[in-house]
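Asker: Input structure: query29.txt, which contains compact mmCIF, C-alpha atoms.
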# COMPACT_ATOMS: atom_id res chain seq x y z
CA MET A 257 138.27 102.70 99.49
CA GLN A 258 135.11 101.09 98.24
CA SER A 259 135.08 97.32 98.26
CA SER A 260 134.60 95.58 94.92
CA ASN A 261 131.22 94.41 96.27
CA GLU A 262 130.03 97.97 96.84
CA ALA A 263 131.51 99.16 93.55
CA PHE A 264 129.50 96.45 91.79
CA SER A 265 126.37 97.75 93.53
CA ARG A 266 127.11 101.26 92.26
CA VAL A 267 127.32 99.96 88.69
CA LEU A 268 123.93 98.30 89.06
CA ILE A 269 122.39 101.38 90.71
CA ASP A 270 123.65 103.67 87.94
CA ALA A 271 122.17 101.32 85.37
CA GLN A 272 118.80 101.23 87.16
CA LEU A 273 118.69 105.02 87.39
CA ALA A 274 119.55 105.31 83.70
CA ALA A 275 116.81 102.80 82.85
CA GLN A 276 114.31 105.18 84.47
CA GLY A 277 115.57 108.12 82.45
CA TRP A 278 117.97 109.69 84.94
CA ASP A 279 121.04 111.29 83.37
CA THR A 280 123.68 110.02 85.76
CA GLN A 281 126.28 112.32 84.16
CA ASP A 282 124.22 115.45 84.85
CA GLN A 283 125.24 116.82 88.25
CA ASN A 284 122.10 118.95 88.22
CA ALA A 285 120.01 115.75 88.29
CA VAL A 286 122.15 113.13 90.07
CA ARG A 287 124.73 114.21 92.63
CA TYR A 288 127.30 111.90 94.18
CA GLU A 289 128.94 111.92 97.61
CA VAL A 290 126.96 114.93 98.85
CA SER A 291 128.44 116.41 102.04
CA CYS A 292 126.33 116.80 105.17
CA ASP A 293 126.87 119.20 108.08
CA ASP A 294 128.34 116.49 110.30
CA GLY A 295 131.01 115.60 107.75
CA THR A 296 129.29 112.44 106.45
CA ARG A 297 128.40 111.98 102.79
CA ALA A 298 125.20 110.79 101.14
CA ASP A 299 125.95 108.35 98.32
CA TYR A 300 123.49 109.91 95.86
CA VAL A 301 121.02 112.79 95.84
CA LEU A 302 118.33 112.86 93.15
CA CYS A 303 117.14 116.33 92.08
CA ASP A 304 114.32 117.80 90.02
CA ARG A 305 114.84 119.59 86.73
CA HIS A 306 115.67 122.79 88.62
CA GLY A 307 118.33 121.12 90.72
CA ARG A 308 116.26 120.94 93.93
CA ALA A 309 117.10 117.89 96.02
CA MET A 310 114.24 115.39 96.32
CA ALA A 311 115.63 112.02 97.39
CA VAL A 312 118.66 110.50 99.09
CA VAL A 313 119.90 107.19 97.70
CA GLU A 314 121.90 105.08 100.14
CA ALA A 315 123.92 102.39 98.36
CA LYS A 316 124.96 99.27 100.25
CA ARG A 317 127.08 96.28 99.35
CA PHE A 318 125.38 93.80 97.04
CA SER A 319 125.39 91.12 99.72
CA SER A 320 123.92 93.34 102.46
CA ASN A 321 120.34 94.08 103.49
CA PRO A 322 119.45 97.59 102.25
CA GLY A 323 117.09 98.07 105.18
CA ASP A 324 120.07 98.08 107.55
CA ALA A 325 121.00 101.52 106.23
CA ALA A 326 117.68 103.16 107.12
CA GLU A 327 118.88 105.20 110.11
CA GLN A 328 122.05 106.26 108.33
CA ALA A 329 120.05 107.44 105.31
CA LYS A 330 117.54 109.24 107.53
CA ASN A 331 120.41 111.13 109.14
CA TYR A 332 121.50 112.34 105.68
CA ALA A 333 117.94 113.24 104.65
CA ARG A 334 117.32 115.15 107.88
CA GLN A 335 120.49 117.23 107.49
CA LEU A 336 119.86 117.91 103.81
CA ASN A 337 116.12 118.55 104.38
CA ILE A 338 115.11 115.94 101.81
CA PRO A 339 111.74 114.11 102.15
CA TYR A 340 112.41 110.87 100.26
CA ILE A 341 114.90 108.03 100.67
CA PHE A 342 115.80 105.08 98.45
CA LEU A 343 117.74 102.24 100.06
CA THR A 344 119.37 99.75 97.71
CA ASN A 345 122.09 97.15 97.31
CA GLY A 346 121.79 97.13 93.52
CA ASN A 347 119.32 94.27 93.67
CA GLU A 348 116.59 95.24 96.15
CA VAL A 349 115.20 98.77 96.35
CA ARG A 350 113.20 100.26 99.21
CA PHE A 351 111.43 103.62 99.27
CA TRP A 352 110.78 105.69 102.38
CA GLU A 353 108.83 108.87 103.03
CA TRP A 354 110.62 109.02 106.33
CA GLN A 355 108.78 112.06 107.73
CA SER A 356 105.38 110.35 107.55
CA ALA A 357 106.02 106.59 107.37
CA ALA A 358 107.54 104.49 110.15
CA PHE A 359 109.39 102.11 107.83
CA PRO A 360 110.66 101.89 104.24
CA HIS A 361 108.85 99.53 101.88
CA ALA A 362 109.97 97.54 98.87
CA VAL A 363 109.58 98.94 95.35
CA LYS A 364 110.55 97.36 92.05
CA THR A 365 113.00 100.07 91.04
CA PHE A 366 113.64 103.83 91.20
CA PHE A 367 111.02 106.37 90.14
CA LYS A 368 111.41 108.46 87.03
CA GLN A 369 112.38 112.06 87.65
CA SER A 370 108.96 113.32 86.52
CA ASP A 371 107.13 110.92 88.86
CA LEU A 372 109.30 111.91 91.81
CA GLU A 373 108.73 115.56 90.93
CA ARG A 374 104.95 115.10 91.07
CA ARG A 375 105.16 113.51 94.51
CA PHE A 376 107.54 116.19 95.68
CA ALA A 377 105.24 118.96 94.44
CA THR A 378 102.14 117.30 95.91
CA ARG A 379 103.58 117.13 99.42
CA GLN A 380 104.02 120.90 99.38
CA VAL A 381 100.26 121.44 99.04
CA LYS A 382 98.84 118.32 100.68
CA ARG A 383 95.92 118.91 103.04
CA ASP A 384 94.78 116.92 106.06
CA LEU A 385 92.69 114.16 104.52
CA LEU A 386 90.22 114.25 107.41
CA SER A 387 89.60 117.97 106.87
CA VAL A 388 88.15 117.27 103.41
CA GLU A 389 84.48 116.32 103.21
CA THR A 390 83.08 113.48 101.13
CA ASP A 391 80.87 114.69 98.28
CA THR A 392 77.47 113.37 99.36
CA ARG A 393 76.03 114.10 95.91
CA ILE A 394 78.15 111.19 94.69
CA ALA A 395 78.03 108.92 97.73
CA GLY A 396 75.14 109.99 99.92
CA ARG A 397 74.33 106.79 101.76
CA ASP A 398 75.58 106.37 105.31
CA TYR A 399 77.51 103.18 104.63
CA GLN A 400 79.23 104.72 101.60
CA GLN A 401 80.37 107.69 103.65
CA ASN A 402 81.47 105.39 106.49
CA CYS A 403 83.50 103.33 104.04
CA ILE A 404 85.30 106.38 102.68
CA GLN A 405 85.95 107.74 106.16
CA ILE A 406 87.45 104.45 107.31
CA LEU A 407 89.67 104.22 104.23
CA CYS A 408 90.95 107.76 104.82
CA GLU A 409 91.67 107.04 108.47
CA GLU A 410 93.52 103.84 107.57
CA ILE A 411 95.65 105.65 104.98
CA LEU A 412 96.60 108.27 107.56
CA GLN A 413 97.66 105.41 109.82
CA GLY A 414 100.10 104.35 107.14
CA ARG A 415 98.10 101.43 105.69
CA ARG A 416 98.98 100.85 102.05
CA LYS A 417 96.68 97.91 101.25
CA LEU A 418 92.95 98.04 101.98
CA LEU A 419 90.10 95.71 101.12
CA VAL A 420 86.43 96.69 100.74
CA GLU A 421 83.68 94.08 100.65
CA MET A 422 80.46 95.64 99.38
CA ALA A 423 77.43 93.77 98.08
CA THR A 424 76.47 93.99 94.41
CA GLY A 425 74.02 96.84 93.86
CA THR A 426 75.20 98.97 96.79
CA GLY A 427 77.23 101.41 94.73
CA LYS A 428 80.89 100.38 94.73
CA THR A 429 81.66 102.59 91.73
CA ARG A 430 80.00 105.67 93.23
CA THR A 431 81.79 105.05 96.51
CA ALA A 432 85.10 104.73 94.66
CA ALA A 433 84.41 107.94 92.72
CA ALA A 434 83.69 109.91 95.90
CA PHE A 435 86.78 108.45 97.56
CA ILE A 436 88.95 109.41 94.57
CA LYS A 437 87.53 112.94 94.58
CA ARG A 438 88.28 113.36 98.29
CA LEU A 439 91.91 112.30 97.79
CA PHE A 440 92.32 114.62 94.82
CA GLU A 441 90.83 117.54 96.76
CA ALA A 442 93.25 116.83 99.62
CA ASN A 443 96.13 116.88 97.09
CA ALA A 444 97.03 113.40 98.32
CA ILE A 445 97.20 111.86 94.83
CA THR A 446 97.95 112.91 91.27
CA ARG A 447 97.17 109.80 89.20
CA VAL A 448 94.79 106.87 89.66
CA LEU A 449 94.67 103.42 88.10
CA PHE A 450 91.21 101.80 88.18
CA LEU A 451 91.23 98.15 87.16
CA VAL A 452 88.22 96.16 85.97
CA ASP A 453 88.04 92.58 84.73
CA ARG A 454 86.36 93.29 81.36
CA ILE A 455 86.58 96.16 78.86
CA PRO A 456 82.76 96.64 78.74
CA LEU A 457 82.92 97.38 82.47
CA ALA A 458 85.72 99.85 81.77
CA LYS A 459 83.41 101.83 79.50
CA GLN A 460 80.66 101.82 82.15
CA THR A 461 83.16 103.05 84.73
CA GLU A 462 84.38 105.77 82.38
CA ASP A 463 80.80 106.99 81.91
CA ALA A 464 80.21 106.99 85.67
CA PHE A 465 83.44 108.88 86.37
CA ALA A 466 82.70 111.39 83.59
CA GLU A 467 79.40 112.11 85.34
CA HIS A 468 80.64 112.22 88.92
CA LEU A 469 84.23 113.45 88.43
CA PRO A 470 84.07 115.97 85.57
CA ASP A 471 87.09 117.88 86.90
CA TYR A 472 89.33 114.82 86.83
CA PRO A 473 89.73 113.58 83.23
CA CYS A 474 89.74 109.83 82.70
CA TYR A 475 90.10 107.45 79.77
CA VAL A 476 89.97 103.75 78.95
CA LEU A 477 93.34 102.22 78.13
CA ARG A 478 93.01 99.47 75.55
CA ALA A 479 95.51 96.75 74.73
CA GLY A 480 98.47 97.94 72.68
CA ARG A 481 98.02 101.61 73.61
CA ARG A 482 100.18 103.88 75.75
CA PHE A 483 99.24 105.78 78.90
CA GLN A 484 97.78 109.24 78.34
CA ASP A 485 99.96 111.30 80.66
CA GLU A 486 97.62 114.29 80.54
CA LYS A 487 94.73 112.28 82.02
CA LEU A 488 94.42 111.79 85.77
CA ILE A 489 92.48 108.49 85.88
CA THR A 490 93.38 105.43 83.82
CA ILE A 491 90.66 102.76 83.55
CA THR A 492 91.66 99.43 82.10
CA THR A 493 91.97 95.68 82.51
CA LEU A 494 95.01 93.83 83.77
CA GLN A 495 95.22 92.09 80.40
CA SER A 496 95.67 95.47 78.72
CA MET A 497 98.39 96.43 81.21
CA VAL A 498 100.46 93.30 81.34
CA ASN A 499 102.76 94.04 78.38
CA ILE A 500 103.36 97.74 79.00
CA TYR A 501 103.48 98.47 82.72
CA GLY A 502 107.22 97.78 82.92
CA ASP A 503 107.83 100.74 80.59
CA TYR A 504 106.77 103.08 83.38
CA SER A 505 108.22 103.74 86.80
CA PRO A 506 106.65 102.36 90.00
CA GLY A 507 105.83 105.95 90.97
CA TYR A 508 103.50 106.58 88.02
CA PHE A 509 100.27 105.90 89.98
CA ASP A 510 99.58 107.05 93.54
CA LEU A 511 96.35 105.06 93.94
CA VAL A 512 95.44 101.67 92.44
CA ILE A 513 91.84 100.44 92.79
CA SER A 514 90.97 96.90 91.69
CA ASP A 515 87.28 96.23 91.10
CA GLU A 516 86.27 92.58 91.58
CA CYS A 517 89.77 92.18 92.98
CA HIS A 518 89.30 88.51 93.85
CA ARG A 519 89.60 87.77 90.12
CA SER A 520 92.72 89.81 89.43
CA ILE A 521 95.42 89.12 91.98
CA TYR A 522 96.81 85.84 90.71
CA GLY A 523 99.50 84.64 88.31
CA GLN A 524 100.90 87.09 85.80
CA TRP A 525 98.19 89.65 86.62
CA SER A 526 99.47 90.11 90.17
CA GLY A 527 102.70 91.55 88.78
CA VAL A 528 100.86 94.70 87.66
CA LEU A 529 99.36 95.28 91.10
CA LYS A 530 102.66 94.66 92.85
CA TYR A 531 104.60 96.94 90.51
CA PHE A 532 103.09 100.35 91.14
CA ASP A 533 103.92 102.10 94.42
CA GLY A 534 100.46 103.42 95.16
CA VAL A 535 97.93 102.79 97.89
CA GLN A 536 96.13 99.57 96.88
CA ILE A 537 92.35 99.34 97.30
CA GLY A 538 90.55 96.09 96.52
CA LEU A 539 86.80 96.12 95.85
CA THR A 540 84.79 92.92 95.91
CA ALA A 541 81.23 91.72 96.36
CA THR A 542 82.47 88.21 97.10
CA PRO A 543 82.63 87.10 100.74
CA CYS A 544 86.19 87.50 101.92
CA VAL A 545 86.29 85.10 104.84
CA ALA A 546 86.52 81.44 103.88
CA ALA A 547 84.57 80.25 106.94
CA GLU A 548 81.53 82.19 105.73
CA ILE A 549 81.31 80.27 102.45
CA ASP A 550 78.84 77.42 102.77
CA ALA A 551 79.31 76.04 99.27
CA GLY A 552 82.42 75.56 97.20
CA ASP A 553 85.43 73.32 97.34
CA ASP A 554 88.74 73.82 99.10
CA GLU A 555 90.19 75.59 96.09
CA ASP A 556 87.41 78.19 96.24
CA LYS A 557 88.11 78.82 99.90
CA ALA A 558 91.87 79.09 99.32
CA PHE A 559 91.05 81.60 96.57
CA VAL A 560 89.25 83.79 99.09
CA LYS A 561 91.98 83.41 101.68
CA ASP A 562 94.49 84.56 99.10
CA THR A 563 92.49 87.76 98.60
CA LEU A 564 92.95 88.53 102.27
CA ARG A 565 96.60 87.55 102.12
CA PHE A 566 97.29 89.74 99.08
CA PHE A 567 95.88 92.80 100.82
CA GLU A 568 97.65 91.83 104.05
CA VAL A 569 94.50 91.85 106.15
CA ASP A 570 92.79 89.31 108.40
CA GLN A 571 89.38 90.65 107.42
CA PRO A 572 88.11 93.33 105.02
CA THR A 573 88.89 96.91 105.97
CA PHE A 574 85.21 97.71 105.45
CA THR A 575 82.26 95.36 104.97
CA TYR A 576 78.70 96.01 103.86
CA LYS A 577 77.00 92.71 103.12
CA LEU A 578 73.88 91.82 101.19
CA LYS A 579 71.95 91.16 104.39
CA ASP A 580 72.88 94.64 105.63
CA ALA A 581 71.65 96.27 102.43
CA ILE A 582 68.37 94.34 102.64
CA SER A 583 67.93 95.19 106.31
CA ASP A 584 68.57 98.88 105.61
CA GLY A 585 66.07 98.88 102.75
CA TYR A 586 68.53 99.56 99.92
CA LEU A 587 68.01 96.14 98.30
CA VAL A 588 64.89 93.98 98.16
CA PRO A 589 64.88 90.52 99.79
CA TYR A 590 65.76 87.62 97.54
CA GLN A 591 64.06 84.25 97.18
CA ILE A 592 65.65 80.96 96.18
CA TYR A 593 63.91 78.62 93.77
CA LYS A 594 64.83 74.95 93.78
CA ALA A 595 64.20 72.57 90.92
CA GLN A 596 62.23 69.51 92.02
CA THR A 597 61.74 66.21 90.18
CA VAL A 598 58.29 64.61 90.54
CA LYS A 599 56.17 61.92 88.83
CA THR A 600 52.42 62.14 88.31
CA ALA A 601 49.95 59.55 86.95
CA ALA A 602 48.30 62.16 84.78
CA GLU A 603 51.65 62.68 83.05
CA GLY A 604 51.99 58.99 82.33
CA GLY A 605 54.68 58.40 84.89
CA PHE A 606 57.22 60.59 83.12
CA GLU A 607 59.59 62.65 85.22
CA VAL A 608 59.09 66.41 84.95
CA LYS A 609 60.89 69.40 86.47
CA LYS A 610 58.94 71.80 88.60
CA SER A 611 60.19 74.85 90.42
CA GLU A 612 59.34 75.20 94.05
CA LEU A 613 59.81 78.34 96.11
CA ASP A 614 62.14 77.54 99.01
What would you get if you wrote out this structure as structure tokens?
Answerer:
Amino acid sequence: MQSSNEAFSRVLIDAQLAAQGWDTQDQNAVRYEVSCDDGTRADYVLCDRHGRAMAVVEAKRFSSNPGDAAEQAKNYARQLNIPYIFLTNGNEVRFWEWQSAAFPHAVKTFFKQSDLERRFATRQVKRDLLSVETDTRIAGRDYQQNCIQILCEEILQGRRKLLVEMATGTGKTRTAAAFIKRLFEANAITRVLFLVDRIPLAKQTEDAFAEHLPDYPCYVLRAGRRFQDEKLITITTLQSMVNIYGDYSPGYFDLVISDECHRSIYGQWSGVLKYFDGVQIGLTATPCVAAEIDAGDDEDKAFVKDTLRFFEVDQPTFTYKLKDAISDGYLVPYQIYKAQTVKTAAEGGFEVKKSELD
């Protein structure tokens, strides 16, 4: 007999599934106590619209750690030949692609049926990411190709948060476009969220993507609008997302790229980034190691450290600094002018400002 604690968990789980559009009364969509070959029973099995099993849900007591049920759930999934697992106690939810990932990871809630269907369909046609070439017409420079290659290798290693430091003027948007195209061609993703910090930059990004990614329709999401499900790439600001993202399931986007990410991972904005269960890529031109910043106060340095902490790295996944771009001939050297205060007799002893090349 189920304990009252576990029964309470089941009530919460049913409510969470219903909140994501699952019809918990439809046995073609949500099945309960599904028998396995060894006589054990999976608590729930989530199915697509044709009744094909996609995910096992293992329900634990409200007071227990859902991660403790990982091996038990994997045993069910292996016997039932199901690729996805949700572990939950009615409060915490963890998602696990157990055939390719070593451990489950936390998600905010269950995925909608349509989002789980897209992932399920994608895995049937997914190609080896390293077998797909980067389009050099989009990103033809060596460092751009190296960046994309490293990101792909890290993703195959199971990394879910990656940070790219690339100097202004070295083509972050083109690099991102070529990276997105490679993932689409490998059937590794189905939807992308590209975040910028200002709407004018969103329009520039849309124009760039329209030029470089004509086969992958994109649009700019403005405040108060809804997602365009038929488009593959959503470009927007966190401000435009903050009031609507909770209406969608964490599985809506497979890839989330944050441009100028050091400005967008704090306070209420961080909730958007943490919500969607996609690979997270941060792009920044700002130095990402506090020790390298000569100027700035302690708050500035903590700000940079938090960027590293958010992406769970000790240093950027890939770095191409301003000095590298100058050395390689992609950017021209810069010069610093300092203002200098001087007095001259001819000027009657008045102080004047003169610029002096440093």
Asker: Find the residues near stretch 361-367 of chain A: any atom within 10 Å, counting all atoms listed in the file, skip ones fewer than 6 places away on the same chain, and give them as a PyMOL selection string.
Answerer: chain A and resi 269+272-278+313+323+342-344+346-353+373+416+502+504-508+530-533
Asker: Using only C-alpha atoms, which of A:Val588, A:Val420, A:Ala329, A:Val512 sits nearest A:Leu529?
Answerer: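 For A:Leu529, the nearest of the candidates is A:Val512.
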Asker: Using all atoms listed in the file, which residue out of A:Ala466, A:Ile500, A:Ala432, A:Ala315 lies closest to A:Glu262?
Answerer: A:Ala315
Asker: I'd like the contact shell of A:Ile491 - 8 Å cut-off, only C-alpha atoms, skipping same-chain residues fewer than 2 positions apart - returned as a ChimeraX atom specification.
Answerer: /A:449-452,458,461-462,474-477,489,493
Asker: Just checking: using only C-alpha atoms, which residue out of A:Leu386, A:Ala271, A:Leu457, A:Val528 ends up closest to A:Val498?
Answerer: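 Nearest candidate to A:Val498 out of A:Leu386, A:Ala271, A:Leu457, A:Val528: A:Val528.
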